[in-house]
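Data block below; observations after.
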Amino acid sequence: PQPIFLSDYRPPAYRVTRTELTFDLDPHATRVKARLHIERHPEHEAGTPLELDGERLVLKRIAIDGQPLEPDEYQVGEAGLVVHRVPKAFLLDTEVEIAPDGNTALSGLYRSSGMFCTQCEAEGFRRITFYPDRPDVMASFSTTVIGDAEREPVLLSNGNPVERGELPGERHFVTWEDPHPKPSYLFALVAGDLRKVEDAFTTMSGRDVTLQIWVEEENLDKTEHAMASLKRAMRWDEQTYGREYDLDLFMIVAVNDFNMGAMENKGLNIFNSAAVLTHPRTATDAAFQRVEGIVAHEYFHNWSGNRVTCRDWFQLSLKEGFTVFRDQCFSADINSAPVKRIEDVAFFRTAQFAEDAGPTAHPVRPDHYIEIGNFYTLTIYEKGAEIVRMLSNLVGKEAFRRGSDLYFERFDGQAVTIEDFVGCMAEASGQDFEQFMRWYSQAGTPQIDAHGEYDYANAEYRLILRQRTPATPGQPEKQALHIPVRLGLVGTKSGRDLPLTLEGETLGTDTVIHLREEEQEFLFTEVSEAPVPSLLRGFSAPVKLHFPYSREDLAFLQAHDTDGFNRWDAGQRLSLLALDDLIAAHRNGVEKVMDPRVVEAFRVLLEAQPDDKAILAQMLTLPSEAYIAEQQPLVDVDAIHAARTFVRQGLALALRDDFLRIYRENQDDAPYAPEPEQIARRSLKNVALAYLMAIEDEDAVQLAREQFEADHNMTDVRHALTLLVHSSRSDIADPALKTFGETWAHDPLVMDQWFAIQVTRPQPDVLDRVRFLMAHPAFSLKNPNKVRALIGTFANQNPVNFHRADGAGYRLLADTVIELNRLNPEIAARLVTPLTHWARFDEDRQALMKGELERIRAEKLSPNVYELVEKALA
Ligand code: DPP
Ligand code: ZN
C-alpha cells in the first residue's frame, strides 16, 4: 500500500450536485441503484476521465444520460471505476450488487443483530456504490429504501421522509430527502425491526423538531438519559454558539456491532449501543456521563462537521478537535467543571502522551497516511481539542464566539481547512497565529523545563522557562512553539496568590505568559514574599512541565493553590515522587518505606470538610499504573504495580478509620440519579472502599459484599464486584461473579463489564481466564465491543499480566490481531497498539514484542494493520 500526501491535494475534477439512491435490501445480495447528477469543474478540460471510488461492488449496469455504456468505454478495477469520456454535465446511472451479510469489517452496508445499517466515515460509502468518495464533494441526497415488510418494518435514511408505500411480494419502501448538501461519509441507512421513543424540541426560533431514538424492543427502557442529554445539548449549542438544528427530524439509532462510539450522519446519528443505552441497573455513572458526552458530541457535529466539513481527511481535526472541545465544555457546564478537566487531563496525559512518544506519533494535521481509518486517534481528537482550547483562551470568550460565528457563516455548506478556522479566530481577535500554527504540523509532546529564584533584597521572582520538543518519526528537528502558560505565585507566608507585576505591568493574581522562544526569562517585581509558583494552571497547554518542586512545596500547593486543577496536580506530583523512590527500592531489593509526607497530605484531605466531594475523590486517587509508567525512562511493570500497591496499603493502614468514616458518611439509599451530587458521593465512597479492600480486612470484605448484594445500582455493584474479584477472596468473589453472569446473560452491555472485571485481575492466573472467556458463548470476535471488553481491556489495563516475562500475553494479542485482520481491519489495527510501544520496555520484553510484530507482519495484511506494524518495526 502507498501513502497519500496532503501536498498532493487537488480539487475534484467532477462534482456531484445531486445523488438519488435506491436500495433493494437483501442480506446476501442487496441491489443499489445510483443516479448521480455530475458536472465537470470549469478548470478541468474536456476529456478528463471520470474516476469513481468503489470496492467490493459487482457492477450490473452503467449508463450515461440513459445510454448504456459499451465495455470499452469504462474500466472497473479493485479500487473503482473509470469512464474514459464523459460530457460536461450528465446523469450517471449505475446498479451494483453488494453482500451486507458477509461484511464483517462493519464499513459500508452491513447487518447487525438482523438489522441493516451503514458506517461510511471515512471511506465506507465506496463499498455501497461507485462515487467520488471524498468529503469535498457535497450533494443533496434522495434515498429510497425497499425492504421486507415483516423483517424490516422500519426503513430510515438521512433527512425527512417524503413518500412511503407497499410493493408486491410483501415488500415496502420509504423515500427520504435530505436537502442539505453533504459528503458521502455522512450518508446513513438503517432498516430493521426497531422500536422508537419519541420526544420534541422547540428551537430558539420556534421551530418544532421531532426527536426519535430507535432501539431493539428490549432496550426501550434504556433511552431516557440519552434523550435528556440530546435536549440539553441542543439547548446548549443554541445558547453557547448560537447554533440551531436545521431539519424537522433528528434520529438516533442504537446498533450492537459498531467500530466507533457513534457517527454523526446528517439527521440520523448511528450509535454503538454502549454509547447510548443506559439504565441505573446496567450502566455505571461513568457510562451515563460517557453517553451524555457522546450524544452531545455527535449532535454538535451537525454544525462543526456537517454544515461545515473537511476539505480532505488531513483536516480531520478541524471537525473532531473542535467538536471534542465543544463536548468537553458542555459536560463541564452541566457537571463539575474542575472534575471534568481533571478527568480529561488525566486521560490525555496518559494515553495521548504515550501515542506522541511512540512510533505512530503524528501531527494533529498529518501530512501523509496509508489508511485514514488509523488516524481517528487521541492526537487528532484530544490534542486537537487542546489546541482549540488554547485558541479560545488566547482570544478570550467573546472573540472566540465572534470567530466561530464568522466561521459558521462564511463556510456554511463548504468543505474547508484548518487555516480557514484559525483564520476566523485571527480575524475576530486581531491576533497573529503564525507561530501558533506549528501546533498543527509538529508531532510530539513539548517539554518545558522551568526554574525560578526569589530575590529577597529586590522583592523579585525570576522565572526561566525552556521548551524542547523531542524528535518524532520523520521530524528530527522541532521549532519553538507558542505556549500559553497560565500561572500564579502563591506566597509561602500568606498562602495566597500574590499580585503579579511583569515588566511594570500589573496583571492581577492569575495571568497567562507567552513562551515563544526556546528559552525565556520572566521577571516579576514587587513580589512581597517568597512564592511557590503554580504553573500551567488548568493545564493551559498540552505539554510536560518540569519544575524542581520539593515535596514540601507540593504539599503546600495541594493545600493552598486557588486553581483546583493544580491543587489536584500537586498531589499527583507528590505521590509520583514517593512512588519513584518505591519503584527504585523494589528494583534494588531494598525494603520499601512509606513516605510520611504522603500519609500526612492524605490525612489533611480526609479530615477537612470537603467542599467538593467529586474533587476530593479525584485527589484521593493515586496516579494510575499507566501514568506512572509514562513518567519512567524504562517501564518496569512489576515494580510499578508493587510500589503502587504498597502505597495503597500504607495509606489504608494509616488512615483506615478515616476511610471507614468516609465510606459510611457517603452511603445513600436514595433512588439512583445520574446527577453530579450523587455521583460525587458514590465516587468518594467507592474510593474509600477501594483503600479498605487494599488491606482486605474483614470489615472491608463485608462492606464490599453487602454493597454487591444490595444491588442498588450498577456503579456500586460493579465496583464492589471488581474489588472482590481482584482480591484474594475467591470464596466470595467466585459465587458473586457467577450470580452476576447469570443475572445478566441476556444483556450484552453488562456482559462486556463482566468480561472486563475478570481480565483486569492482577493475579497471575488471569491469562487462562482470558482464554477461557474467549470461548464463552457471550463472546464473539466479530463484535467490536466484545473484543474491546475482553482483549483490549486485558492488553491495556492489566500491565503486569499483559507484559508477563514469558511473552504469553503478547502472543495472545498477536494471535487475536492476526485473526481480526481478516475479519475487521479497523479493530485489528487498534488492538495492535500496545505491542507498538515495545521500545519502552527491557530488552527481553522488547525482543518478545518485536517477535510478535514480525509474526503479524508475515501475514497477508490489511492496509490498516500493515501501516501500524510497519511503523512499529521501522
Ligand atoms: N463518529 C466519530 C466521531 O464522532 C467520527 N466522526 O468522532
Ligand atoms: Zn466526532
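Simple scheme: letters A, B, ... for chains in C-alpha cells order, numbers from 1 for residues in each chain, numbers from 1 for ligands in the order shown.
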
Return as a list in words every polymer residue, whether protein, DNA or RNA, with at least one atom no more than 9 Å from an atom of ligand 1; count only C-alpha atoms and all ligand atoms.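 Residues lying within 9 Å of ligand 1: Glu121, Ala122, Leu186, Met260, Gly261, Ala262, Met263, Glu264, Asn265, Asn269, Ile270, Phe271, Ile294, His297, Glu298, Tyr299, His301, Gly305, Leu316, Lys319, Glu320, Thr323, Val324, Tyr376 and Tyr381 of chain A.
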
Long-range neighbours of segment 326-335 of chain A as an MDAnalysis selection string, 8 Å cut-off, only C-alpha atoms, 6 positions minimum in chain: chainID A and resid 233 236 292:294 296:297 300 341 675:676

Extract, using only C-alpha atoms, all DNA, RNA and protein residues at most 10 Å from segment 755-759 of chain A, discarding same-chain residues fewer than 5 positions from it, and format them as number ranges by chain. A: 718-719, 721-726, 737, 741, 750, 765-771, 773-774, 776, 778-779, 786-795, 797-798, 801

Could you write those residues out with C-alpha atoms, as an mmCIF file, in the first residue's frame?
data_model
loop_
_atom_site.group_PDB
_atom_site.id
_atom_site.type_symbol
_atom_site.label_atom_id
_atom_site.label_comp_id
_atom_site.auth_asym_id
_atom_site.auth_seq_id
_atom_site.Cartn_x
_atom_site.Cartn_y
_atom_site.Cartn_z
ATOM 1 C CA ARG A 718 -19.631 -3.228 39.580
ATOM 2 C CA HIS A 719 -17.194 -1.516 41.921
ATOM 3 C CA LEU A 721 -17.605 -6.950 42.421
ATOM 4 C CA THR A 722 -14.364 -5.664 40.916
ATOM 5 C CA LEU A 723 -12.783 -5.237 44.340
ATOM 6 C CA LEU A 724 -13.816 -8.750 45.340
ATOM 7 C CA VAL A 725 -12.671 -10.340 42.102
ATOM 8 C CA HIS A 726 -9.326 -8.514 42.315
ATOM 9 C CA LEU A 737 -19.247 -13.427 39.635
ATOM 10 C CA GLY A 741 -23.015 -13.542 34.934
ATOM 11 C CA VAL A 750 -23.479 -5.849 31.052
ATOM 12 C CA ASP A 765 -3.710 -16.919 36.563
ATOM 13 C CA VAL A 766 -5.615 -14.318 34.571
ATOM 14 C CA LEU A 767 -4.324 -15.308 31.146
ATOM 15 C CA ASP A 768 -6.042 -18.674 31.433
ATOM 16 C CA ARG A 769 -9.180 -16.805 32.321
ATOM 17 C CA VAL A 770 -8.880 -14.666 29.197
ATOM 18 C CA ARG A 771 -8.557 -17.781 27.044
ATOM 19 C CA LEU A 773 -13.655 -16.379 28.320
ATOM 20 C CA MET A 774 -12.795 -16.166 24.636
ATOM 21 C CA HIS A 776 -17.634 -18.207 26.319
ATOM 22 C CA ALA A 778 -21.338 -14.427 25.075
ATOM 23 C CA PHE A 779 -18.007 -13.645 23.416
ATOM 24 C CA LYS A 786 -16.602 -7.785 22.985
ATOM 25 C CA VAL A 787 -13.094 -7.563 21.566
ATOM 26 C CA ARG A 788 -12.503 -4.300 23.392
ATOM 27 C CA ALA A 789 -14.011 -5.549 26.658
ATOM 28 C CA LEU A 790 -12.027 -8.755 26.778
ATOM 29 C CA ILE A 791 -8.823 -8.473 24.746
ATOM 30 C CA GLY A 792 -8.470 -4.695 24.685
ATOM 31 C CA THR A 793 -9.039 -4.356 28.406
ATOM 32 C CA PHE A 794 -6.586 -7.144 29.159
ATOM 33 C CA ALA A 795 -3.837 -5.678 26.957
ATOM 34 C CA GLN A 797 -5.404 -2.300 31.643
ATOM 35 C CA ASN A 798 -3.606 -5.267 33.067
ATOM 36 C CA ASN A 801 -0.107 -9.796 33.098
#

Residue among A:Leu515, A:Ile380, A:Val308, A:Met619 lying closest to ligand 2, counting only C-alpha atoms and all ligand atoms: A:Ile380

Just asking: which residues within segment 116-281 of chain A are strand (DSSP E or B) according to DSSP, as an NGL selection string? :A and (116-119 or 131 or 139-148 or 154-157 or 160-167 or 171-182 or 189-192 or 195-202 or 208-215 or 249-255 or 262-263 or 268-272)

What separation in Å, quoted to one decimal, exists between atom CA of Gly444 of chain A and atom CA of Arg573 of chain A?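 Between atom CA of Gly444 of chain A and atom CA of Arg573 of chain A the gap is 21.9 Å.
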
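All residues of protein, DNA or RNA that reach within 6 Å of segment 499-512 of chain A, judged by only C-alpha atoms and not counting those fewer than 2 positions away in the chain, are Val485, Arg486, Leu487, Gly488, Asp497, Phe524 and Thr525 of chain A.
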
Go ahead and save the residues from that selection, with N, CA and C atoms, as an mmCIF file, in the first residue's frame.
data_model
loop_
_atom_site.group_PDB
_atom_site.id
_atom_site.type_symbol
_atom_site.label_atom_id
_atom_site.label_comp_id
_atom_site.auth_asym_id
_atom_site.auth_seq_id
_atom_site.Cartn_x
_atom_site.Cartn_y
_atom_site.Cartn_z
ATOM 1 N N VAL A 485 1.214 29.841 29.069
ATOM 2 C CA VAL A 485 1.393 29.255 30.405
ATOM 3 C C VAL A 485 0.613 30.106 31.406
ATOM 4 N N ARG A 486 -0.449 29.551 31.908
ATOM 5 C CA ARG A 486 -1.225 30.281 32.925
ATOM 6 C C ARG A 486 -0.588 30.034 34.279
ATOM 7 N N LEU A 487 -0.433 31.071 35.076
ATOM 8 C CA LEU A 487 0.261 30.867 36.350
ATOM 9 C C LEU A 487 -0.167 31.838 37.421
ATOM 10 N N GLY A 488 0.237 31.501 38.635
ATOM 11 C CA GLY A 488 0.109 32.384 39.779
ATOM 12 C C GLY A 488 1.334 32.171 40.652
ATOM 13 N N ASP A 497 -2.470 33.859 46.631
ATOM 14 C CA ASP A 497 -1.927 34.276 45.346
ATOM 15 C C ASP A 497 -1.436 35.713 45.472
ATOM 16 N N PHE A 524 9.252 38.930 37.606
ATOM 17 C CA PHE A 524 8.121 39.503 38.353
ATOM 18 C C PHE A 524 8.681 40.400 39.449
ATOM 19 N N THR A 525 8.160 41.627 39.510
ATOM 20 C CA THR A 525 8.654 42.564 40.524
ATOM 21 C C THR A 525 7.576 42.796 41.572
#
